[in-house]
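Novice: My questions all concern the structure below.
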Amino acid sequence: MGKELGLDLWIKRDDLTGFAGGGNKGRKIEYLLADVLRQEADTVITCGSSQSNFVRQLAAACSMHGLRLRAVTMDVPYDGPVGAPSGTRLVSKGGNLMLDDLLGAQVDILPDGTWDELFDAVETAADEERSAGRKVATIPIGGSSPVGAFGFVQAAAELDQSFDTIVVATSSGSTHTGLVYAFHGTSTRVIGVSCDPEPGLVAETLVPLAEGLDKITGQKKRLRESDFEYWLDWVGPGYAVFSDDGMAAIHRMARAEGIFLDPVYSAKSFAGLVGLAERGELSGRVLFWHTGGFPSLFAMP
Ligand SMILES: Cc1ncc(COP(=O)(O)O)c(C=O)c1O
């Protein structure tokens with residue numbers, strides 16, 4: 001497919017990281033779970049969409065360490081001011097939910113509402129668990145804390161050759177932030193293709209995550225908004241709602257390479273890569289960082 005796009009195209013196969021079905025989240029969970037174990041918690045609470053890949057991998061990690069996982073979810077959470085998107089979306093059965101069940105996680109599925117309502121519901125669930133005498137550790141959506149982002153600073157060190165550009169999906173932000181942090185000051189350009197219609201993500205989330213990375217690593221990179229390249233052009237109708245160019249990317253990648261993309265994240269980021277290549281924005285040696293998400297293909301209507 002690289003030839004068709006006029007690129008020297010490579011793919012980093014984080015869809016094959018292996019743990020609990022693979023994907024980018026295992027890299028964050030490696031560090032996040034260590035933190036939970038240090039807190040001596042017995043119950044972990046997190047949130048996301050009902051087909052969250054993070055919840056699936058976290059469910060496996062918790063189960064392996066004898067911890068209970070309660071995930072508070074909605075099928076399609078949305079930004080209050082933007083409103084609920086319409087269009088085809090994943091269904092709340094099968095796919096990741098089936099695997100969460102297999103792994104023994106408790107997944108609460110609330111009626112769709114805003115992200116703020118979802119985050120409030122996490123607080124309520126944590127209070128309920130504490131009143132029941134449990135020791136609770138809360139992990140933010142998508143594992144996007146500085147500790148989670150550190151997993152992607154470490155991931156960058158796996159590349160044994162240099163690239164002009166890396167293209168990656170961004171949503172809760174720590175994958176993108178970790179990579180930008182790692183390649184800051186080098187000639188590699190890191191492009192985050194957003195899967196959420198959130199123009200404020202860089203200022204509100206990515207910059208603070210990078211500040212947290214400065215504390216963890218002891219470096220003083222002090223990343224600013226202008227250090228992040230963040231594209232919103234391939235979000236489509238909304239988070240977790242299918243886009244036409246994302247669906248085209250799924251078909252194209254499957255048939256050209258035998259590699260599956262998921263409709264919520266990796267399809268939109270690859271659609272971004274194709275779109276940027278067609279606009280003449282990319283050249284040279286380009287790495288598509290495939291973040292996984294394969295199980296949600298089985299939750300397509
Ligand atoms: C398959 C997949 N790709 C990309 C992302 C985006 O990563 P992040 O949440 O770190 O921005 C996620 C999770 O949100 C995901 O599950």
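Chain labels run A, B, ... following the order of the structure tokens; each chain numbers its residues from 1, and ligands are numbered from 1 in the order shown.
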Give me the residues of chain A that have any atom at most 10 Å from an atom of ligand 1; for each, the nearest atom pair and the distance in Å, rounded to one decimal. Use only C-alpha atoms and all ligand atoms, sort by chain and number, and format it as JSON lines.

Specialist:
```
{"residue": "A:Asp14", "atom": "CA", "partner": "ligand 1", "partner_atom_place_in_ligand_line": "1 (C)", "distance": 9.0}
{"residue": "A:Asp15", "atom": "CA", "partner": "ligand 1", "partner_atom_place_in_ligand_line": "1 (C)", "distance": 7.8}
{"residue": "A:Gly22", "atom": "CA", "partner": "ligand 1", "partner_atom_place_in_ligand_line": "1 (C)", "distance": 9.0}
{"residue": "A:Gly23", "atom": "CA", "partner": "ligand 1", "partner_atom_place_in_ligand_line": "1 (C)", "distance": 5.9}
{"residue": "A:Asn24", "atom": "CA", "partner": "ligand 1", "partner_atom_place_in_ligand_line": "2 (C)", "distance": 6.3}
{"residue": "A:Lys25", "atom": "CA", "partner": "ligand 1", "partner_atom_place_in_ligand_line": "16 (O)", "distance": 6.8}
{"residue": "A:Lys28", "atom": "CA", "partner": "ligand 1", "partner_atom_place_in_ligand_line": "10 (O)", "distance": 8.5}
{"residue": "A:Gly48", "atom": "CA", "partner": "ligand 1", "partner_atom_place_in_ligand_line": "14 (O)", "distance": 8.4}
{"residue": "A:Ser49", "atom": "CA", "partner": "ligand 1", "partner_atom_place_in_ligand_line": "14 (O)", "distance": 9.2}
{"residue": "A:Gln51", "atom": "CA", "partner": "ligand 1", "partner_atom_place_in_ligand_line": "16 (O)", "distance": 8.8}
{"residue": "A:Ser52", "atom": "CA", "partner": "ligand 1", "partner_atom_place_in_ligand_line": "16 (O)", "distance": 6.2}
{"residue": "A:Asn53", "atom": "CA", "partner": "ligand 1", "partner_atom_place_in_ligand_line": "16 (O)", "distance": 4.4}
{"residue": "A:Phe54", "atom": "CA", "partner": "ligand 1", "partner_atom_place_in_ligand_line": "16 (O)", "distance": 5.8}
{"residue": "A:Val55", "atom": "CA", "partner": "ligand 1", "partner_atom_place_in_ligand_line": "16 (O)", "distance": 8.9}
{"residue": "A:Arg56", "atom": "CA", "partner": "ligand 1", "partner_atom_place_in_ligand_line": "16 (O)", "distance": 9.4}
{"residue": "A:Gln57", "atom": "CA", "partner": "ligand 1", "partner_atom_place_in_ligand_line": "16 (O)", "distance": 9.6}
{"residue": "A:Ile141", "atom": "CA", "partner": "ligand 1", "partner_atom_place_in_ligand_line": "9 (O)", "distance": 7.5}
{"residue": "A:Gly142", "atom": "CA", "partner": "ligand 1", "partner_atom_place_in_ligand_line": "9 (O)", "distance": 4.7}
{"residue": "A:Gly143", "atom": "CA", "partner": "ligand 1", "partner_atom_place_in_ligand_line": "9 (O)", "distance": 7.1}
{"residue": "A:Ser144", "atom": "CA", "partner": "ligand 1", "partner_atom_place_in_ligand_line": "10 (O)", "distance": 6.1}
{"residue": "A:Ser145", "atom": "CA", "partner": "ligand 1", "partner_atom_place_in_ligand_line": "10 (O)", "distance": 9.4}
{"residue": "A:Gly148", "atom": "CA", "partner": "ligand 1", "partner_atom_place_in_ligand_line": "10 (O)", "distance": 8.2}
{"residue": "A:Ala149", "atom": "CA", "partner": "ligand 1", "partner_atom_place_in_ligand_line": "10 (O)", "distance": 7.6}
{"residue": "A:Phe152", "atom": "CA", "partner": "ligand 1", "partner_atom_place_in_ligand_line": "10 (O)", "distance": 8.9}
{"residue": "A:Val168", "atom": "CA", "partner": "ligand 1", "partner_atom_place_in_ligand_line": "4 (C)", "distance": 7.5}
{"residue": "A:Ala169", "atom": "CA", "partner": "ligand 1", "partner_atom_place_in_ligand_line": "4 (C)", "distance": 4.9}
{"residue": "A:Thr170", "atom": "CA", "partner": "ligand 1", "partner_atom_place_in_ligand_line": "11 (O)", "distance": 3.7}
{"residue": "A:Ser171", "atom": "CA", "partner": "ligand 1", "partner_atom_place_in_ligand_line": "11 (O)", "distance": 3.6}
{"residue": "A:Ser172", "atom": "CA", "partner": "ligand 1", "partner_atom_place_in_ligand_line": "9 (O)", "distance": 3.6}
{"residue": "A:Gly173", "atom": "CA", "partner": "ligand 1", "partner_atom_place_in_ligand_line": "11 (O)", "distance": 3.5}
{"residue": "A:Ser174", "atom": "CA", "partner": "ligand 1", "partner_atom_place_in_ligand_line": "10 (O)", "distance": 4.2}
{"residue": "A:Thr175", "atom": "CA", "partner": "ligand 1", "partner_atom_place_in_ligand_line": "10 (O)", "distance": 3.8}
{"residue": "A:His176", "atom": "CA", "partner": "ligand 1", "partner_atom_place_in_ligand_line": "11 (O)", "distance": 6.1}
{"residue": "A:Thr177", "atom": "CA", "partner": "ligand 1", "partner_atom_place_in_ligand_line": "10 (O)", "distance": 8.0}
{"residue": "A:Gly178", "atom": "CA", "partner": "ligand 1", "partner_atom_place_in_ligand_line": "10 (O)", "distance": 8.7}
{"residue": "A:Gly192", "atom": "CA", "partner": "ligand 1", "partner_atom_place_in_ligand_line": "11 (O)", "distance": 8.6}
{"residue": "A:Val193", "atom": "CA", "partner": "ligand 1", "partner_atom_place_in_ligand_line": "11 (O)", "distance": 9.4}
{"residue": "A:Ser194", "atom": "CA", "partner": "ligand 1", "partner_atom_place_in_ligand_line": "11 (O)", "distance": 8.0}
{"residue": "A:Cys195", "atom": "CA", "partner": "ligand 1", "partner_atom_place_in_ligand_line": "6 (C)", "distance": 7.7}
{"residue": "A:Asp196", "atom": "CA", "partner": "ligand 1", "partner_atom_place_in_ligand_line": "11 (O)", "distance": 9.4}
{"residue": "A:Leu206", "atom": "CA", "partner": "ligand 1", "partner_atom_place_in_ligand_line": "11 (O)", "distance": 9.5}
{"residue": "A:Leu261", "atom": "CA", "partner": "ligand 1", "partner_atom_place_in_ligand_line": "1 (C)", "distance": 8.3}
{"residue": "A:Asp262", "atom": "CA", "partner": "ligand 1", "partner_atom_place_in_ligand_line": "1 (C)", "distance": 6.7}
{"residue": "A:Pro263", "atom": "CA", "partner": "ligand 1", "partner_atom_place_in_ligand_line": "1 (C)", "distance": 8.9}
{"residue": "A:Val264", "atom": "CA", "partner": "ligand 1", "partner_atom_place_in_ligand_line": "1 (C)", "distance": 7.3}
{"residue": "A:Tyr265", "atom": "CA", "partner": "ligand 1", "partner_atom_place_in_ligand_line": "3 (N)", "distance": 4.6}
{"residue": "A:Ser266", "atom": "CA", "partner": "ligand 1", "partner_atom_place_in_ligand_line": "3 (N)", "distance": 5.5}
{"residue": "A:Ala267", "atom": "CA", "partner": "ligand 1", "partner_atom_place_in_ligand_line": "3 (N)", "distance": 9.0}
{"residue": "A:Lys268", "atom": "CA", "partner": "ligand 1", "partner_atom_place_in_ligand_line": "3 (N)", "distance": 9.4}
{"residue": "A:Ser269", "atom": "CA", "partner": "ligand 1", "partner_atom_place_in_ligand_line": "4 (C)", "distance": 8.4}
{"residue": "A:Trp289", "atom": "CA", "partner": "ligand 1", "partner_atom_place_in_ligand_line": "3 (N)", "distance": 9.3}
{"residue": "A:His290", "atom": "CA", "partner": "ligand 1", "partner_atom_place_in_ligand_line": "3 (N)", "distance": 7.4}
{"residue": "A:Thr291", "atom": "CA", "partner": "ligand 1", "partner_atom_place_in_ligand_line": "3 (N)", "distance": 4.3}
{"residue": "A:Gly292", "atom": "CA", "partner": "ligand 1", "partner_atom_place_in_ligand_line": "1 (C)", "distance": 4.2}
{"residue": "A:Gly293", "atom": "CA", "partner": "ligand 1", "partner_atom_place_in_ligand_line": "1 (C)", "distance": 3.7}
{"residue": "A:Phe294", "atom": "CA", "partner": "ligand 1", "partner_atom_place_in_ligand_line": "1 (C)", "distance": 7.4}
{"residue": "A:Pro295", "atom": "CA", "partner": "ligand 1", "partner_atom_place_in_ligand_line": "1 (C)", "distance": 9.2}
{"residue": "A:Ser296", "atom": "CA", "partner": "ligand 1", "partner_atom_place_in_ligand_line": "1 (C)", "distance": 8.8}
```

Novice: Tell me which protein, DNA and RNA residues are within 8 Å of Val207 of chain A, counting only C-alpha atoms, leaving out same-chain ones fewer than 5 positions away, and put them as a ChimeraX atom specification.

Specialist: /A:177,202,223-225

Novice: With a distance cut-off of 12 Å and only C-alpha atoms, select the neighbouring residues of Asp35 of chain A, excluding the residue or stretch itself and same-chain residues fewer than 2 positions from it, and output the selection as a list in words.

Specialist: Lys28, Ile29, Glu30, Tyr31, Leu32, Leu33, Leu37, Arg38, Gln39, Glu40, Ala41, Val44, Ala137, Thr138, Ile139, Gly143, Ser145, Pro146, Val147 and Gly148 of chain A

Novice: Mind checking DSSP for segment 7-69 of chain A and telling me the alpha helix (DSSP H) residues as a VMD selection string?

Specialist: chain A and resid 25 to 38 53 to 64

Novice: Just to confirm, what's the straight-line distance from atom CA of Ser162 of chain A to atom CA of Leu232 of chain A in Å (one decimal)?

Specialist: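 Taking atom CA of Ser162 of chain A as the start and atom CA of Leu232 of chain A as the end point, the length is 26.0 Å.
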
Novice: Considering only C-alpha atoms, return as a list in words whatever protein or nucleic-acid residues lie within 10 Å of Asp112 of chain A, sequence-local ones (same chain, fewer than 6 positions apart) excluded.

Specialist: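 Near neighbours after the sequence-gap exclusion: Ser49, Thr73, Met74, Asp75, Val76, Pro77, Tyr78, Ala84 and Leu118 of chain A.
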
Novice: If we count only C-alpha atoms, what is near segment 127-130 of chain A at a cut-off of 10 Å, once residues fewer than 4 positions away on the same chain are taken out, given as a list in words?

Specialist: Thr43, Val44, Ile45, Arg70, Ala121, Val122, Glu123, Arg134, Lys135 and Val136 of chain A

Novice: Please list as a PDB file with N, CA and C atoms, in the first residue's frame every residue within 10 Å of Tyr181 of chain A, counting only C-alpha atoms and excluding residues in the same chain fewer than 2 positions away.

Specialist:
```
ATOM      1  N   ALA A 149       1.276   7.403  30.146  1.00  0.00           N
ATOM      2  CA  ALA A 149       2.022   7.986  29.019  1.00  0.00           C
ATOM      3  C   ALA A 149       3.480   7.510  29.015  1.00  0.00           C
ATOM      4  N   PHE A 150       4.007   7.249  30.203  1.00  0.00           N
ATOM      5  CA  PHE A 150       5.395   6.782  30.296  1.00  0.00           C
ATOM      6  C   PHE A 150       5.581   5.463  29.527  1.00  0.00           C
ATOM      7  N   PHE A 152       4.461   4.809  26.762  1.00  0.00           N
ATOM      8  CA  PHE A 152       4.746   5.138  25.357  1.00  0.00           C
ATOM      9  C   PHE A 152       6.066   5.866  25.165  1.00  0.00           C
ATOM     10  N   VAL A 153       6.587   6.474  26.208  1.00  0.00           N
ATOM     11  CA  VAL A 153       7.961   6.992  26.112  1.00  0.00           C
ATOM     12  C   VAL A 153       8.889   5.780  25.951  1.00  0.00           C
ATOM     13  N   ALA A 156       8.765   4.058  22.421  1.00  0.00           N
ATOM     14  CA  ALA A 156       9.525   4.728  21.354  1.00  0.00           C
ATOM     15  C   ALA A 156      10.930   4.151  21.227  1.00  0.00           C
ATOM     16  N   HIS A 176      -0.294   9.391  22.270  1.00  0.00           N
ATOM     17  CA  HIS A 176       0.252  10.505  21.484  1.00  0.00           C
ATOM     18  C   HIS A 176       1.290  11.286  22.302  1.00  0.00           C
ATOM     19  N   THR A 177       0.921  11.601  23.550  1.00  0.00           N
ATOM     20  CA  THR A 177       1.836  12.406  24.378  1.00  0.00           C
ATOM     21  C   THR A 177       3.154  11.679  24.617  1.00  0.00           C
ATOM     22  N   GLY A 178       3.078  10.398  24.922  1.00  0.00           N
ATOM     23  CA  GLY A 178       4.311   9.643  25.184  1.00  0.00           C
ATOM     24  C   GLY A 178       5.231   9.659  23.975  1.00  0.00           C
ATOM     25  N   LEU A 179       4.643   9.513  22.778  1.00  0.00           N
ATOM     26  CA  LEU A 179       5.476   9.495  21.566  1.00  0.00           C
ATOM     27  C   LEU A 179       6.032  10.885  21.260  1.00  0.00           C
ATOM     28  N   PHE A 183      10.076  11.780  21.075  1.00  0.00           N
ATOM     29  CA  PHE A 183      10.755  12.227  19.855  1.00  0.00           C
ATOM     30  C   PHE A 183      11.011  13.742  19.837  1.00  0.00           C
ATOM     31  N   HIS A 184      10.646  14.417  20.920  1.00  0.00           N
ATOM     32  CA  HIS A 184      10.871  15.866  20.976  1.00  0.00           C
ATOM     33  C   HIS A 184      12.368  16.154  20.818  1.00  0.00           C
ATOM     34  N   GLY A 185      12.674  17.117  19.957  1.00  0.00           N
ATOM     35  CA  GLY A 185      14.089  17.466  19.759  1.00  0.00           C
ATOM     36  C   GLY A 185      14.784  16.592  18.730  1.00  0.00           C
ATOM     37  N   VAL A 190       5.735  13.685  14.880  1.00  0.00           N
ATOM     38  CA  VAL A 190       4.690  12.779  15.377  1.00  0.00           C
ATOM     39  C   VAL A 190       3.329  13.445  15.149  1.00  0.00           C
ATOM     40  N   LEU A 209      -0.191  16.199  30.591  1.00  0.00           N
ATOM     41  CA  LEU A 209       0.426  14.856  30.650  1.00  0.00           C
ATOM     42  C   LEU A 209       1.944  14.969  30.474  1.00  0.00           C
ATOM     43  N   ALA A 210       2.355  15.828  29.551  1.00  0.00           N
ATOM     44  CA  ALA A 210       3.800  15.999  29.322  1.00  0.00           C
ATOM     45  C   ALA A 210       4.481  16.621  30.549  1.00  0.00           C
ATOM     46  N   GLU A 211       3.762  17.512  31.234  1.00  0.00           N
ATOM     47  CA  GLU A 211       4.333  18.075  32.476  1.00  0.00           C
ATOM     48  C   GLU A 211       4.556  16.952  33.494  1.00  0.00           C
ATOM     49  N   LEU A 213       5.141  13.911  32.738  1.00  0.00           N
ATOM     50  CA  LEU A 213       6.293  13.112  32.283  1.00  0.00           C
ATOM     51  C   LEU A 213       7.605  13.772  32.700  1.00  0.00           C
ATOM     52  N   ASP A 214       7.648  15.094  32.685  1.00  0.00           N
ATOM     53  CA  ASP A 214       8.854  15.785  33.162  1.00  0.00           C
ATOM     54  C   ASP A 214       9.154  15.381  34.609  1.00  0.00           C
ATOM     55  N   LYS A 221      11.619  18.948  29.616  1.00  0.00           N
ATOM     56  CA  LYS A 221      11.272  19.194  28.210  1.00  0.00           C
ATOM     57  C   LYS A 221      10.271  20.332  28.081  1.00  0.00           C
ATOM     58  N   ARG A 222       9.420  20.496  29.073  1.00  0.00           N
ATOM     59  CA  ARG A 222       8.444  21.600  29.111  1.00  0.00           C
ATOM     60  C   ARG A 222       7.709  21.770  27.777  1.00  0.00           C
ATOM     61  N   LEU A 223       7.044  20.710  27.339  1.00  0.00           N
ATOM     62  CA  LEU A 223       6.344  20.771  26.053  1.00  0.00           C
ATOM     63  C   LEU A 223       5.191  21.773  26.117  1.00  0.00           C
ATOM     64  N   ASP A 227       4.107  22.139  20.394  1.00  0.00           N
ATOM     65  CA  ASP A 227       4.928  20.936  20.181  1.00  0.00           C
ATOM     66  C   ASP A 227       4.087  19.743  19.709  1.00  0.00           C
ATOM     67  N   PHE A 228       2.768  19.888  19.758  1.00  0.00           N
ATOM     68  CA  PHE A 228       1.894  18.770  19.376  1.00  0.00           C
ATOM     69  C   PHE A 228       1.249  19.036  18.024  1.00  0.00           C
TER      70      PHE A 228
END
```

Novice: Smallest atom-to-atom distance to Phe260 of chain A: which of A:Gly246, A:Gly200, A:Pro81, A:Gly212, using only C-alpha atoms?

Specialist: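 Of the candidates, the smallest distance to Phe260 of chain A is held by A:Gly246.
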
Novice: Name all residues at most 7 Å from segment 3-7 of chain A (count only C-alpha atoms; drop same-chain ones fewer than 4 positions away) and give them as a PyMOL selection string.

Specialist: chain A and resi 277+283-286

Novice: I need the residues of segment 90-273 of chain A that end up classed as strand (DSSP E or B) by DSSP on the backbone, written out as a list in words.

Specialist: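 DSSP-assigned strand (DSSP E or B) residues in segment 90-273 of chain A: Gln106, Val107, Asp108, Ile109, Leu110, Thr114, Val136, Ala137, Thr138, Thr165, Ile166, Val167, Val168, Ala169, Thr170, Arg189, Val190, Ile191, Gly192, Val193, Ser194, Glu229, Tyr230, Trp231 and Val241 of chain A.
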
Novice: Take the residues that were just selected and, keeping C-alpha atoms, output them as a PDB file, in the first residue's frame.

Specialist:
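Listing of selection_11.pdb after writing:
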```pdb
ATOM      1  CA  GLN A 106     -17.991  -5.871  36.121  1.00  0.00           C
ATOM      2  CA  VAL A 107     -19.016  -3.510  33.330  1.00  0.00           C
ATOM      3  CA  ASP A 108     -21.838  -1.072  34.123  1.00  0.00           C
ATOM      4  CA  ILE A 109     -23.424   0.288  30.947  1.00  0.00           C
ATOM      5  CA  LEU A 110     -25.189   3.593  31.579  1.00  0.00           C
ATOM      6  CA  THR A 114     -21.829  13.455  28.414  1.00  0.00           C
ATOM      7  CA  VAL A 136     -10.308   1.405  45.663  1.00  0.00           C
ATOM      8  CA  ALA A 137      -7.807   2.602  43.066  1.00  0.00           C
ATOM      9  CA  THR A 138      -9.182   4.725  40.243  1.00  0.00           C
ATOM     10  CA  THR A 165       6.894  10.867  10.403  1.00  0.00           C
ATOM     11  CA  ILE A 166       4.889   8.740  12.830  1.00  0.00           C
ATOM     12  CA  VAL A 167       1.077   8.753  12.578  1.00  0.00           C
ATOM     13  CA  VAL A 168      -0.954   7.558  15.559  1.00  0.00           C
ATOM     14  CA  ALA A 169      -4.561   7.633  16.798  1.00  0.00           C
ATOM     15  CA  THR A 170      -5.257   9.943  19.702  1.00  0.00           C
ATOM     16  CA  ARG A 189       7.465  14.418  13.310  1.00  0.00           C
ATOM     17  CA  VAL A 190       4.690  12.779  15.377  1.00  0.00           C
ATOM     18  CA  ILE A 191       1.140  13.313  14.097  1.00  0.00           C
ATOM     19  CA  GLY A 192      -1.871  12.548  16.288  1.00  0.00           C
ATOM     20  CA  VAL A 193      -5.079  11.889  14.372  1.00  0.00           C
ATOM     21  CA  SER A 194      -7.960  12.529  16.732  1.00  0.00           C
ATOM     22  CA  GLU A 229       0.559  18.135  15.890  1.00  0.00           C
ATOM     23  CA  TYR A 230      -3.094  17.253  16.334  1.00  0.00           C
ATOM     24  CA  TRP A 231      -5.511  16.742  13.449  1.00  0.00           C
ATOM     25  CA  VAL A 241     -19.431   6.660  15.478  1.00  0.00           C
TER      26      VAL A 241
END
```

Novice: Rank A:Arg252, A:Arg89, A:Arg68, A:Arg27 by their smallest atom-to-atom distance to Thr46 of chain A, using only C-alpha atoms, and report the top residue only.

Specialist: A:Arg68
